[in-house]
>>> print(open('input_18.pdb').read())   # PDB, C-alpha atoms
ATOM      1  CA  MET A   1      30.142  73.318  48.805
ATOM      2  CA  PRO A   2      31.416  71.704  51.997
ATOM      3  CA  ALA A   3      35.085  72.225  52.831
ATOM      4  CA  ILE A   4      36.624  69.664  55.146
ATOM      5  CA  VAL A   5      39.550  71.109  57.065
ATOM      6  CA  GLN A   6      42.311  68.738  58.107
ATOM      7  CA  GLU A   7      45.422  69.607  60.061
ATOM      8  CA  HIS A   8      48.741  69.050  58.339
ATOM      9  CA  GLY A   9      50.983  66.710  60.254
ATOM     10  CA  THR A  10      48.505  65.395  62.806
ATOM     11  CA  GLY A  11      45.817  64.483  60.261
ATOM     12  CA  GLN A  12      43.194  65.663  62.721
ATOM     13  CA  VAL A  13      39.923  66.797  61.159
ATOM     14  CA  LEU A  14      39.371  70.278  62.588
ATOM     15  CA  MET A  15      36.100  71.608  61.204
ATOM     16  CA  LEU A  16      33.722  71.769  58.299
ATOM     17  CA  ALA A  17      33.033  75.066  56.595
ATOM     18  CA  TRP A  18      31.488  76.183  53.310
ATOM     19  CA  MET A  19      32.995  77.613  50.151
ATOM     20  CA  ASP A  20      31.669  78.941  46.906
ATOM     21  CA  ASP A  21      33.855  79.375  43.824
ATOM     22  CA  GLU A  22      35.069  82.788  44.985
ATOM     23  CA  ALA A  23      36.020  81.530  48.460
ATOM     24  CA  LEU A  24      37.916  78.647  46.864
ATOM     25  CA  HIS A  25      39.679  81.044  44.493
ATOM     26  CA  ARG A  26      40.697  83.302  47.393
ATOM     27  CA  THR A  27      41.899  80.299  49.379
ATOM     28  CA  LEU A  28      44.051  79.033  46.503
ATOM     29  CA  THR A  29      45.525  82.425  45.624
ATOM     30  CA  THR A  30      46.120  83.833  49.108
ATOM     31  CA  GLY A  31      47.061  80.650  50.970
ATOM     32  CA  ARG A  32      44.718  81.679  53.767
ATOM     33  CA  ALA A  33      41.610  79.580  54.297
ATOM     34  CA  THR A  34      38.616  81.683  53.280
ATOM     35  CA  TYR A  35      35.043  80.512  53.659
ATOM     36  CA  TRP A  36      31.524  81.591  52.910
ATOM     37  CA  SER A  37      29.404  82.194  55.969
ATOM     38  CA  ARG A  38      25.911  80.910  55.286
ATOM     39  CA  SER A  39      24.535  82.660  58.382
ATOM     40  CA  ARG A  40      26.155  86.068  57.799
ATOM     41  CA  ASN A  41      26.151  85.909  53.978
ATOM     42  CA  GLU A  42      29.721  87.042  53.739
ATOM     43  CA  TYR A  43      33.227  85.770  53.144
ATOM     44  CA  TRP A  44      35.399  85.256  56.161
ATOM     45  CA  VAL A  45      39.100  84.715  56.385
ATOM     46  CA  LYS A  46      39.629  82.208  59.160
ATOM     47  CA  GLY A  47      41.484  83.877  62.018
ATOM     48  CA  GLU A  48      40.920  87.422  60.795
ATOM     49  CA  THR A  49      39.293  88.377  64.092
ATOM     50  CA  SER A  50      40.377  85.513  66.362
ATOM     51  CA  GLY A  51      43.968  85.290  65.171
ATOM     52  CA  HIS A  52      43.440  81.545  64.727
ATOM     53  CA  ALA A  53      44.441  81.520  61.088
ATOM     54  CA  GLN A  54      44.720  78.552  58.776
ATOM     55  CA  HIS A  55      47.696  78.529  56.436
ATOM     56  CA  VAL A  56      46.857  76.349  53.476
ATOM     57  CA  ARG A  57      49.242  73.533  52.593
ATOM     58  CA  ALA A  58      47.103  71.701  50.045
ATOM     59  CA  VAL A  59      43.628  71.566  48.577
ATOM     60  CA  ALA A  60      42.003  68.601  46.859
ATOM     61  CA  VAL A  61      38.616  68.225  45.257
ATOM     62  CA  ASP A  62      36.602  65.031  45.418
ATOM     63  CA  CYS A  63      35.620  62.682  42.595
ATOM     64  CA  ASP A  64      32.387  64.464  41.758
ATOM     65  CA  GLY A  65      33.790  67.952  42.236
ATOM     66  CA  ASP A  66      31.440  69.151  44.945
ATOM     67  CA  THR A  67      33.519  68.894  48.115
ATOM     68  CA  VAL A  68      37.023  70.115  48.917
ATOM     69  CA  LEU A  69      39.565  68.905  51.423
ATOM     70  CA  VAL A  70      41.763  71.705  52.756
ATOM     71  CA  THR A  71      44.983  70.762  54.529
ATOM     72  CA  VAL A  72      46.148  73.534  56.844
ATOM     73  CA  GLU A  73      48.568  74.586  59.489
ATOM     74  CA  GLN A  74      46.291  75.727  62.269
ATOM     75  CA  VAL A  75      47.307  78.655  64.460
ATOM     76  CA  GLY A  76      45.760  78.124  67.890
ATOM     77  CA  ALA A  77      42.337  76.514  68.072
ATOM     78  CA  ALA A  78      40.130  75.828  65.064
ATOM     79  CA  CYS A  79      36.922  75.835  67.103
ATOM     80  CA  HIS A  80      35.257  78.979  68.419
ATOM     81  CA  THR A  81      34.793  77.128  71.730
ATOM     82  CA  GLY A  82      38.552  77.058  72.227
ATOM     83  CA  ASN A  83      38.833  73.360  71.463
ATOM     84  CA  HIS A  84      41.501  72.484  68.934
ATOM     85  CA  THR A  85      38.932  70.686  66.780
ATOM     86  CA  CYS A  86      35.182  71.189  66.454
ATOM     87  CA  PHE A  87      34.695  67.405  66.696
ATOM     88  CA  TYR A  88      35.227  67.015  70.435
ATOM     89  CA  SER A  89      31.881  65.345  71.271
ATOM     90  CA  PRO A  90      31.856  61.573  70.763
ATOM     91  CA  LEU A  91      28.610  59.702  70.170
ATOM     92  CA  GLU A  92      28.224  56.174  71.463
ATOM     93  CA  VAL A  93      28.458  53.381  68.911
ATOM     94  CA  THR A  94      26.328  50.643  70.452
ATOM     95  CA  SER A  95      26.793  47.813  67.982
TER
ATOM     96  CA  MET B   1      23.932  66.860  57.504
ATOM     97  CA  PRO B   2      27.420  66.290  56.093
ATOM     98  CA  ALA B   3      29.290  63.233  57.330
ATOM     99  CA  ILE B   4      33.053  63.356  56.986
ATOM    100  CA  VAL B   5      34.533  59.882  56.707
ATOM    101  CA  GLN B   6      38.049  59.376  58.012
ATOM    102  CA  GLU B   7      40.038  56.159  57.961
ATOM    103  CA  HIS B   8      41.074  54.725  61.287
ATOM    104  CA  GLY B   9      44.814  54.333  61.597
ATOM    105  CA  THR B  10      45.919  56.274  58.532
ATOM    106  CA  GLY B  11      43.846  59.373  59.304
ATOM    107  CA  GLN B  12      43.129  59.733  55.601
ATOM    108  CA  VAL B  13      39.906  61.566  54.757
ATOM    109  CA  LEU B  14      38.071  59.184  52.434
ATOM    110  CA  MET B  15      34.829  60.855  51.404
ATOM    111  CA  LEU B  16      31.972  63.090  52.350
ATOM    112  CA  ALA B  17      28.454  61.709  52.498
ATOM    113  CA  TRP B  18      25.132  62.818  53.955
ATOM    114  CA  MET B  19      23.154  61.611  56.933
ATOM    115  CA  ASP B  20      19.814  62.422  58.435
ATOM    116  CA  ASP B  21      18.863  61.412  61.976
ATOM    117  CA  GLU B  22      17.775  57.955  60.861
ATOM    118  CA  ALA B  23      21.000  57.293  58.947
ATOM    119  CA  LEU B  24      22.992  58.389  61.991
ATOM    120  CA  HIS B  25      20.900  56.146  64.245
ATOM    121  CA  ARG B  26      21.464  53.157  61.937
ATOM    122  CA  THR B  27      25.186  53.898  61.781
ATOM    123  CA  LEU B  28      25.489  54.035  65.571
ATOM    124  CA  THR B  29      23.399  50.926  66.230
ATOM    125  CA  THR B  30      24.668  48.675  63.430
ATOM    126  CA  GLY B  31      28.304  49.756  63.284
ATOM    127  CA  ARG B  32      28.025  49.929  59.510
ATOM    128  CA  ALA B  33      28.243  53.364  57.899
ATOM    129  CA  THR B  34      24.811  54.204  56.527
ATOM    130  CA  TYR B  35      24.098  57.348  54.555
ATOM    131  CA  TRP B  36      21.242  59.186  52.939
ATOM    132  CA  SER B  37      21.505  59.450  49.171
ATOM    133  CA  ARG B  38      20.322  62.879  48.113
ATOM    134  CA  SER B  39      20.176  61.825  44.451
ATOM    135  CA  ARG B  40      18.332  58.537  44.936
ATOM    136  CA  ASN B  41      16.329  59.622  48.009
ATOM    137  CA  GLU B  42      17.124  56.448  49.897
ATOM    138  CA  TYR B  43      19.348  55.090  52.618
ATOM    139  CA  TRP B  44      22.415  53.218  51.556
ATOM    140  CA  VAL B  45      24.693  51.004  53.565
ATOM    141  CA  LYS B  46      28.178  51.670  52.276
ATOM    142  CA  GLY B  47      29.527  48.545  50.599
ATOM    143  CA  GLU B  48      26.160  46.794  50.350
ATOM    144  CA  THR B  49      26.554  46.386  46.610
ATOM    145  CA  SER B  50      30.279  47.062  46.119
ATOM    146  CA  GLY B  51      31.511  45.072  49.116
ATOM    147  CA  HIS B  52      33.541  48.118  50.129
ATOM    148  CA  ALA B  53      32.034  48.383  53.579
ATOM    149  CA  GLN B  54      32.913  50.812  56.325
ATOM    150  CA  HIS B  55      33.076  49.395  59.824
ATOM    151  CA  VAL B  56      32.515  52.214  62.270
ATOM    152  CA  ARG B  57      35.086  52.765  64.993
ATOM    153  CA  ALA B  58      33.903  56.118  66.315
ATOM    154  CA  VAL B  59      31.506  58.951  65.594
ATOM    155  CA  ALA B  60      31.793  62.534  66.821
ATOM    156  CA  VAL B  61      29.519  65.495  66.307
ATOM    157  CA  ASP B  62      30.815  69.026  65.868
ATOM    158  CA  CYS B  63      30.384  72.025  68.160
ATOM    159  CA  ASP B  64      27.160  73.204  66.574
ATOM    160  CA  GLY B  65      25.721  69.738  66.094
ATOM    161  CA  ASP B  66      25.267  69.827  62.349
ATOM    162  CA  THR B  67      28.195  67.773  61.044
ATOM    163  CA  VAL B  68      29.494  64.352  62.035
ATOM    164  CA  LEU B  69      32.929  62.815  61.754
ATOM    165  CA  VAL B  70      32.822  59.066  61.210
ATOM    166  CA  THR B  71      35.989  57.061  61.807
ATOM    167  CA  VAL B  72      35.938  53.784  59.911
ATOM    168  CA  GLU B  73      37.862  50.745  58.887
ATOM    169  CA  GLN B  74      37.525  50.796  55.132
ATOM    170  CA  VAL B  75      37.225  47.549  53.200
ATOM    171  CA  GLY B  76      38.758  48.094  49.759
ATOM    172  CA  ALA B  77      38.284  51.492  48.132
ATOM    173  CA  ALA B  78      36.020  54.224  49.469
ATOM    174  CA  CYS B  79      35.600  55.882  46.081
ATOM    175  CA  HIS B  80      33.390  54.515  43.319
ATOM    176  CA  THR B  81      36.264  55.266  40.901
ATOM    177  CA  GLY B  82      38.395  52.635  42.601
ATOM    178  CA  ASN B  83      40.610  55.183  44.306
ATOM    179  CA  HIS B  84      41.098  54.610  48.000
ATOM    180  CA  THR B  85      39.892  58.132  48.763
ATOM    181  CA  CYS B  86      37.565  60.415  46.811
ATOM    182  CA  PHE B  87      40.044  63.283  47.305
ATOM    183  CA  TYR B  88      42.627  62.255  44.723
ATOM    184  CA  SER B  89      42.612  65.482  42.648
ATOM    185  CA  PRO B  90      44.892  68.211  43.989
ATOM    186  CA  LEU B  91      44.260  71.856  43.153
ATOM    187  CA  GLU B  92      47.178  74.221  42.808
ATOM    188  CA  VAL B  93      47.782  76.629  45.670
ATOM    189  CA  THR B  94      49.452  79.568  43.944
ATOM    190  CA  SER B  95      50.217  81.841  46.869
TER
END
>>> encode(input="input_18.pdb", output="structure tokens")
Amino acid sequence: MPAIVQEHGTGQVLMLAWMDDEALHRTLTTGRATYWSRSRNEYWVKGETSGHAQHVRAVAVDCDGDTVLVTVEQVGAACHTGNHTCFYSPLEVTS
Amino acid sequence: MPAIVQEHGTGQVLMLAWMDDEALHRTLTTGRATYWSRSRNEYWVKGETSGHAQHVRAVAVDCDGDTVLVTVEQVGAACHTGNHTCFYSPLEVTS
């Protein structure tokens, strides 16, 4: 399921990643954001290689139980490009 | 693709919905958040029946171009349950 990652304090939305039940369980029990990589077919602990860890402050599930919102303290940049957030490219709203 | 919906001003994450290219195009050109319903196989303009519209303030795409972040002014409640946000159910972080 999709996991929306929001920064504690700033409220900035940092990224979207994917979790299965095991990734969610690991996230809740370790306090380190852990996702399922759909391209590599493996679990990954955010920051394990980059050092840009996410320390989990809170997790909430949505009304129909198929999306989670993970509130984190982000070490360094969330995005692999070096940007703090993955959502750094605005689209033009023309209305 | 997933569309994360965040409230302008408060920064609260309200919901996650789904868009295809056409839904994104309609959202950008009408200024009204428009999604693709995966269960009903149809486009839906948020608030069209409920009145709980989302007026779009900004849209950003993520680094790999497969998720959008939609910043909205929310009329009434985003969630069909009447809650302001769909993410009203905390899970316990036990670490």
>>> calpha_fit_and_write(input="input_18.pdb", fixed="chain A", moving="chain B", output="PDB file with C-alpha atoms, in the coordinates of the input")
ATOM      1  CA  MET B   1      30.130  73.322  48.809  1.00  0.00           C
ATOM      2  CA  PRO B   2      31.422  71.700  52.000  1.00  0.00           C
ATOM      3  CA  ALA B   3      35.086  72.219  52.824  1.00  0.00           C
ATOM      4  CA  ILE B   4      36.627  69.662  55.144  1.00  0.00           C
ATOM      5  CA  VAL B   5      39.550  71.117  57.063  1.00  0.00           C
ATOM      6  CA  GLN B   6      42.310  68.744  58.096  1.00  0.00           C
ATOM      7  CA  GLU B   7      45.429  69.618  60.049  1.00  0.00           C
ATOM      8  CA  HIS B   8      48.741  69.057  58.342  1.00  0.00           C
ATOM      9  CA  GLY B   9      50.983  66.705  60.260  1.00  0.00           C
ATOM     10  CA  THR B  10      48.503  65.395  62.814  1.00  0.00           C
ATOM     11  CA  GLY B  11      45.822  64.477  60.271  1.00  0.00           C
ATOM     12  CA  GLN B  12      43.187  65.655  62.725  1.00  0.00           C
ATOM     13  CA  VAL B  13      39.920  66.799  61.152  1.00  0.00           C
ATOM     14  CA  LEU B  14      39.372  70.274  62.587  1.00  0.00           C
ATOM     15  CA  MET B  15      36.103  71.590  61.192  1.00  0.00           C
ATOM     16  CA  LEU B  16      33.727  71.755  58.297  1.00  0.00           C
ATOM     17  CA  ALA B  17      33.051  75.060  56.587  1.00  0.00           C
ATOM     18  CA  TRP B  18      31.499  76.187  53.314  1.00  0.00           C
ATOM     19  CA  MET B  19      33.009  77.608  50.162  1.00  0.00           C
ATOM     20  CA  ASP B  20      31.676  78.940  46.919  1.00  0.00           C
ATOM     21  CA  ASP B  21      33.859  79.385  43.837  1.00  0.00           C
ATOM     22  CA  GLU B  22      35.070  82.786  44.997  1.00  0.00           C
ATOM     23  CA  ALA B  23      36.019  81.533  48.466  1.00  0.00           C
ATOM     24  CA  LEU B  24      37.915  78.653  46.871  1.00  0.00           C
ATOM     25  CA  HIS B  25      39.676  81.048  44.493  1.00  0.00           C
ATOM     26  CA  ARG B  26      40.706  83.306  47.394  1.00  0.00           C
ATOM     27  CA  THR B  27      41.911  80.305  49.386  1.00  0.00           C
ATOM     28  CA  LEU B  28      44.057  79.044  46.508  1.00  0.00           C
ATOM     29  CA  THR B  29      45.527  82.437  45.618  1.00  0.00           C
ATOM     30  CA  THR B  30      46.124  83.833  49.113  1.00  0.00           C
ATOM     31  CA  GLY B  31      47.062  80.654  50.963  1.00  0.00           C
ATOM     32  CA  ARG B  32      44.726  81.680  53.763  1.00  0.00           C
ATOM     33  CA  ALA B  33      41.606  79.577  54.293  1.00  0.00           C
ATOM     34  CA  THR B  34      38.622  81.680  53.275  1.00  0.00           C
ATOM     35  CA  TYR B  35      35.051  80.502  53.652  1.00  0.00           C
ATOM     36  CA  TRP B  36      31.531  81.588  52.893  1.00  0.00           C
ATOM     37  CA  SER B  37      29.398  82.183  55.964  1.00  0.00           C
ATOM     38  CA  ARG B  38      25.911  80.896  55.283  1.00  0.00           C
ATOM     39  CA  SER B  39      24.536  82.648  58.378  1.00  0.00           C
ATOM     40  CA  ARG B  40      26.150  86.041  57.807  1.00  0.00           C
ATOM     41  CA  ASN B  41      26.143  85.878  53.986  1.00  0.00           C
ATOM     42  CA  GLU B  42      29.727  87.043  53.729  1.00  0.00           C
ATOM     43  CA  TYR B  43      33.226  85.776  53.139  1.00  0.00           C
ATOM     44  CA  TRP B  44      35.392  85.247  56.150  1.00  0.00           C
ATOM     45  CA  VAL B  45      39.106  84.713  56.373  1.00  0.00           C
ATOM     46  CA  LYS B  46      39.622  82.211  59.152  1.00  0.00           C
ATOM     47  CA  GLY B  47      41.472  83.869  62.021  1.00  0.00           C
ATOM     48  CA  GLU B  48      40.901  87.427  60.803  1.00  0.00           C
ATOM     49  CA  THR B  49      39.304  88.387  64.094  1.00  0.00           C
ATOM     50  CA  SER B  50      40.370  85.513  66.370  1.00  0.00           C
ATOM     51  CA  GLY B  51      43.972  85.285  65.174  1.00  0.00           C
ATOM     52  CA  HIS B  52      43.439  81.553  64.719  1.00  0.00           C
ATOM     53  CA  ALA B  53      44.437  81.521  61.079  1.00  0.00           C
ATOM     54  CA  GLN B  54      44.725  78.556  58.768  1.00  0.00           C
ATOM     55  CA  HIS B  55      47.699  78.534  56.437  1.00  0.00           C
ATOM     56  CA  VAL B  56      46.862  76.356  53.471  1.00  0.00           C
ATOM     57  CA  ARG B  57      49.231  73.538  52.588  1.00  0.00           C
ATOM     58  CA  ALA B  58      47.110  71.701  50.036  1.00  0.00           C
ATOM     59  CA  VAL B  59      43.629  71.564  48.568  1.00  0.00           C
ATOM     60  CA  ALA B  60      42.008  68.593  46.844  1.00  0.00           C
ATOM     61  CA  VAL B  61      38.614  68.232  45.247  1.00  0.00           C
ATOM     62  CA  ASP B  62      36.596  65.033  45.417  1.00  0.00           C
ATOM     63  CA  CYS B  63      35.614  62.681  42.599  1.00  0.00           C
ATOM     64  CA  ASP B  64      32.381  64.464  41.780  1.00  0.00           C
ATOM     65  CA  GLY B  65      33.779  67.949  42.245  1.00  0.00           C
ATOM     66  CA  ASP B  66      31.432  69.146  44.946  1.00  0.00           C
ATOM     67  CA  THR B  67      33.520  68.899  48.120  1.00  0.00           C
ATOM     68  CA  VAL B  68      37.021  70.118  48.916  1.00  0.00           C
ATOM     69  CA  LEU B  69      39.568  68.911  51.425  1.00  0.00           C
ATOM     70  CA  VAL B  70      41.765  71.701  52.747  1.00  0.00           C
ATOM     71  CA  THR B  71      44.986  70.776  54.530  1.00  0.00           C
ATOM     72  CA  VAL B  72      46.143  73.546  56.837  1.00  0.00           C
ATOM     73  CA  GLU B  73      48.573  74.588  59.483  1.00  0.00           C
ATOM     74  CA  GLN B  74      46.302  75.733  62.266  1.00  0.00           C
ATOM     75  CA  VAL B  75      47.299  78.661  64.458  1.00  0.00           C
ATOM     76  CA  GLY B  76      45.768  78.115  67.899  1.00  0.00           C
ATOM     77  CA  ALA B  77      42.330  76.512  68.070  1.00  0.00           C
ATOM     78  CA  ALA B  78      40.119  75.833  65.066  1.00  0.00           C
ATOM     79  CA  CYS B  79      36.918  75.836  67.105  1.00  0.00           C
ATOM     80  CA  HIS B  80      35.256  78.979  68.425  1.00  0.00           C
ATOM     81  CA  THR B  81      34.797  77.121  71.743  1.00  0.00           C
ATOM     82  CA  GLY B  82      38.553  77.051  72.235  1.00  0.00           C
ATOM     83  CA  ASN B  83      38.830  73.360  71.459  1.00  0.00           C
ATOM     84  CA  HIS B  84      41.495  72.486  68.939  1.00  0.00           C
ATOM     85  CA  THR B  85      38.939  70.690  66.775  1.00  0.00           C
ATOM     86  CA  CYS B  86      35.186  71.196  66.463  1.00  0.00           C
ATOM     87  CA  PHE B  87      34.704  67.412  66.713  1.00  0.00           C
ATOM     88  CA  TYR B  88      35.224  67.017  70.451  1.00  0.00           C
ATOM     89  CA  SER B  89      31.877  65.333  71.273  1.00  0.00           C
ATOM     90  CA  PRO B  90      31.861  61.565  70.776  1.00  0.00           C
ATOM     91  CA  LEU B  91      28.616  59.698  70.168  1.00  0.00           C
ATOM     92  CA  GLU B  92      28.225  56.174  71.455  1.00  0.00           C
ATOM     93  CA  VAL B  93      28.459  53.382  68.905  1.00  0.00           C
ATOM     94  CA  THR B  94      26.313  50.661  70.454  1.00  0.00           C
ATOM     95  CA  SER B  95      26.751  47.836  67.978  1.00  0.00           C
TER      96      SER B  95
END
>>> atom_distance(input="input_18.pdb", atom1="CA of Val59 (chain A)", atom2="CA of Ile4 (chain A)")
9.8 Å
>>> residues_around(input="input_18.pdb", residues="Thr29 (chain A)", least_positions_apart="2", cutoff="9 Å", atoms="only C-alpha atoms", output="list in words")
Leu24, His25, Arg26, Thr27, Gly31 and Arg32 of chain A; Glu92, Val93, Thr94 and Ser95 of chain B
>>> resolve_selection(input="input_18.pdb", expression="the PyMOL selection byres ((chain B and resi 38-54) around 8)", output="ChimeraX atom specification")
/B:18,23,32-37,55-56,72-78
>>> closest_atom_pairs(input="input_18.pdb", of="chain B", to="chain A", cutoff="9 Å", atoms="only C-alpha atoms", output="Markdown table")
| residue | atom | partner | partner_atom | distance |
| --- | --- | --- | --- | --- |
| B:Pro2 | CA | A:Pro2 | CA | 7.9 |
| B:Ile4 | CA | A:Ile4 | CA | 7.5 |
| B:Gln6 | CA | A:Val13 | CA | 8.3 |
| B:Thr10 | CA | A:Gly11 | CA | 8.4 |
| B:Gly11 | CA | A:Gly11 | CA | 5.6 |
| B:Gln12 | CA | A:Gly11 | CA | 7.2 |
| B:Val13 | CA | A:Leu69 | CA | 8.1 |
| B:Met15 | CA | A:Asp62 | CA | 7.5 |
| B:Leu16 | CA | A:Thr67 | CA | 7.3 |
| B:Thr27 | CA | A:Val93 | CA | 7.9 |
| B:Leu28 | CA | A:Val93 | CA | 4.5 |
| B:Thr29 | CA | A:Ser95 | CA | 4.9 |
| B:Thr30 | CA | A:Ser95 | CA | 5.1 |
| B:Gly31 | CA | A:Ser95 | CA | 5.3 |
| B:Arg32 | CA | A:Ser95 | CA | 8.8 |
| B:Val56 | CA | A:Val93 | CA | 7.9 |
| B:Arg57 | CA | A:Val93 | CA | 7.7 |
| B:Ala58 | CA | A:Val93 | CA | 6.6 |
| B:Val59 | CA | A:Leu91 | CA | 5.5 |
| B:Ala60 | CA | A:Pro90 | CA | 4.1 |
| B:Val61 | CA | A:Ser89 | CA | 5.5 |
| B:Asp62 | CA | A:Phe87 | CA | 4.3 |
| B:Cys63 | CA | A:Cys86 | CA | 5.2 |
| B:Asp64 | CA | A:Cys86 | CA | 8.3 |
| B:Thr67 | CA | A:Leu16 | CA | 7.4 |
| B:Val68 | CA | A:Phe87 | CA | 7.6 |
| B:Leu69 | CA | A:Phe87 | CA | 7.0 |
| B:Cys79 | CA | A:Cys63 | CA | 7.6 |
| B:His80 | CA | A:Cys63 | CA | 8.5 |
| B:Thr81 | CA | A:Cys63 | CA | 7.6 |
| B:Thr85 | CA | A:Asp62 | CA | 8.3 |
| B:Cys86 | CA | A:Asp62 | CA | 4.9 |
| B:Phe87 | CA | A:Asp62 | CA | 4.3 |
| B:Tyr88 | CA | A:Asp62 | CA | 6.7 |
| B:Ser89 | CA | A:Ala60 | CA | 5.3 |
| B:Pro90 | CA | A:Ala60 | CA | 4.1 |
| B:Leu91 | CA | A:Ala60 | CA | 5.4 |
| B:Glu92 | CA | A:Leu28 | CA | 6.8 |
| B:Val93 | CA | A:Leu28 | CA | 4.5 |
| B:Thr94 | CA | A:Thr29 | CA | 5.1 |
| B:Ser95 | CA | A:Thr29 | CA | 4.9 |
>>> atom_distance(input="input_18.pdb", atom1="CA of His8 (chain A)", atom2="CA of Glu22 (chain A)")
23.5 Å
>>> decode(input="input_18.pdb", residues="region 3-56 of chain B", atoms="C-alpha atoms", output="PDB file, in the first residue's frame")
ATOM      1  CA  ALA B   3      -2.255  11.717  -5.719  1.00  0.00           C
ATOM      2  CA  ILE B   4      -1.485  12.941  -2.227  1.00  0.00           C
ATOM      3  CA  VAL B   5      -3.871  15.682  -1.162  1.00  0.00           C
ATOM      4  CA  GLN B   6      -2.582  18.257   1.294  1.00  0.00           C
ATOM      5  CA  GLU B   7      -4.513  21.174   2.732  1.00  0.00           C
ATOM      6  CA  HIS B   8      -3.222  24.632   1.973  1.00  0.00           C
ATOM      7  CA  GLY B   9      -2.424  26.599   5.094  1.00  0.00           C
ATOM      8  CA  THR B  10      -2.666  23.833   7.676  1.00  0.00           C
ATOM      9  CA  GLY B  11      -0.387  21.411   5.822  1.00  0.00           C
ATOM     10  CA  GLN B  12      -2.632  18.563   6.919  1.00  0.00           C
ATOM     11  CA  VAL B  13      -2.581  15.510   4.654  1.00  0.00           C
ATOM     12  CA  LEU B  14      -6.242  14.902   3.842  1.00  0.00           C
ATOM     13  CA  MET B  15      -6.433  11.833   1.627  1.00  0.00           C
ATOM     14  CA  LEU B  16      -4.868   9.780  -1.091  1.00  0.00           C
ATOM     15  CA  ALA B  17      -6.631   9.371  -4.412  1.00  0.00           C
ATOM     16  CA  TRP B  18      -5.683   8.201  -7.893  1.00  0.00           C
ATOM     17  CA  MET B  19      -5.163  10.070 -11.130  1.00  0.00           C
ATOM     18  CA  ASP B  20      -4.411   9.120 -14.679  1.00  0.00           C
ATOM     19  CA  ASP B  21      -3.146  11.626 -17.245  1.00  0.00           C
ATOM     20  CA  GLU B  22      -6.660  12.793 -18.063  1.00  0.00           C
ATOM     21  CA  ALA B  23      -7.589  13.340 -14.411  1.00  0.00           C
ATOM     22  CA  LEU B  24      -4.383  15.320 -13.927  1.00  0.00           C
ATOM     23  CA  HIS B  25      -5.111  17.381 -17.042  1.00  0.00           C
ATOM     24  CA  ARG B  26      -8.640  18.157 -15.807  1.00  0.00           C
ATOM     25  CA  THR B  27      -7.305  19.070 -12.371  1.00  0.00           C
ATOM     26  CA  LEU B  28      -4.737  21.474 -13.820  1.00  0.00           C
ATOM     27  CA  THR B  29      -7.112  23.115 -16.297  1.00  0.00           C
ATOM     28  CA  THR B  30     -10.239  23.376 -14.136  1.00  0.00           C
ATOM     29  CA  GLY B  31      -8.667  24.033 -10.744  1.00  0.00           C
ATOM     30  CA  ARG B  32     -10.991  21.443  -9.247  1.00  0.00           C
ATOM     31  CA  ALA B  33      -9.423  18.232  -7.953  1.00  0.00           C
ATOM     32  CA  THR B  34     -10.489  15.426 -10.268  1.00  0.00           C
ATOM     33  CA  TYR B  35      -9.585  11.806  -9.662  1.00  0.00           C
ATOM     34  CA  TRP B  36      -9.931   8.415 -11.250  1.00  0.00           C
ATOM     35  CA  SER B  37     -12.055   5.986  -9.268  1.00  0.00           C
ATOM     36  CA  ARG B  38     -10.476   2.558  -9.465  1.00  0.00           C
ATOM     37  CA  SER B  39     -13.602   0.910  -8.032  1.00  0.00           C
ATOM     38  CA  ARG B  40     -16.160   2.660 -10.232  1.00  0.00           C
ATOM     39  CA  ASN B  41     -13.895   3.051 -13.289  1.00  0.00           C
ATOM     40  CA  GLU B  42     -14.854   6.671 -13.788  1.00  0.00           C
ATOM     41  CA  TYR B  43     -13.606  10.179 -13.212  1.00  0.00           C
ATOM     42  CA  TRP B  44     -14.928  12.003 -10.216  1.00  0.00           C
ATOM     43  CA  VAL B  45     -14.749  15.658  -9.358  1.00  0.00           C
ATOM     44  CA  LYS B  46     -14.241  15.815  -5.621  1.00  0.00           C
ATOM     45  CA  GLY B  47     -17.285  17.394  -3.996  1.00  0.00           C
ATOM     46  CA  GLU B  48     -19.535  17.045  -7.041  1.00  0.00           C
ATOM     47  CA  THR B  49     -22.106  15.136  -5.027  1.00  0.00           C
ATOM     48  CA  SER B  50     -21.030  15.883  -1.441  1.00  0.00           C
ATOM     49  CA  GLY B  51     -20.310  19.584  -1.935  1.00  0.00           C
ATOM     50  CA  HIS B  52     -16.940  19.008  -0.281  1.00  0.00           C
ATOM     51  CA  ALA B  53     -14.923  20.381  -3.160  1.00  0.00           C
ATOM     52  CA  GLN B  54     -11.188  20.836  -3.381  1.00  0.00           C
ATOM     53  CA  HIS B  55      -9.983  24.037  -4.987  1.00  0.00           C
ATOM     54  CA  VAL B  56      -6.492  23.462  -6.300  1.00  0.00           C
TER      55      VAL B  56
END
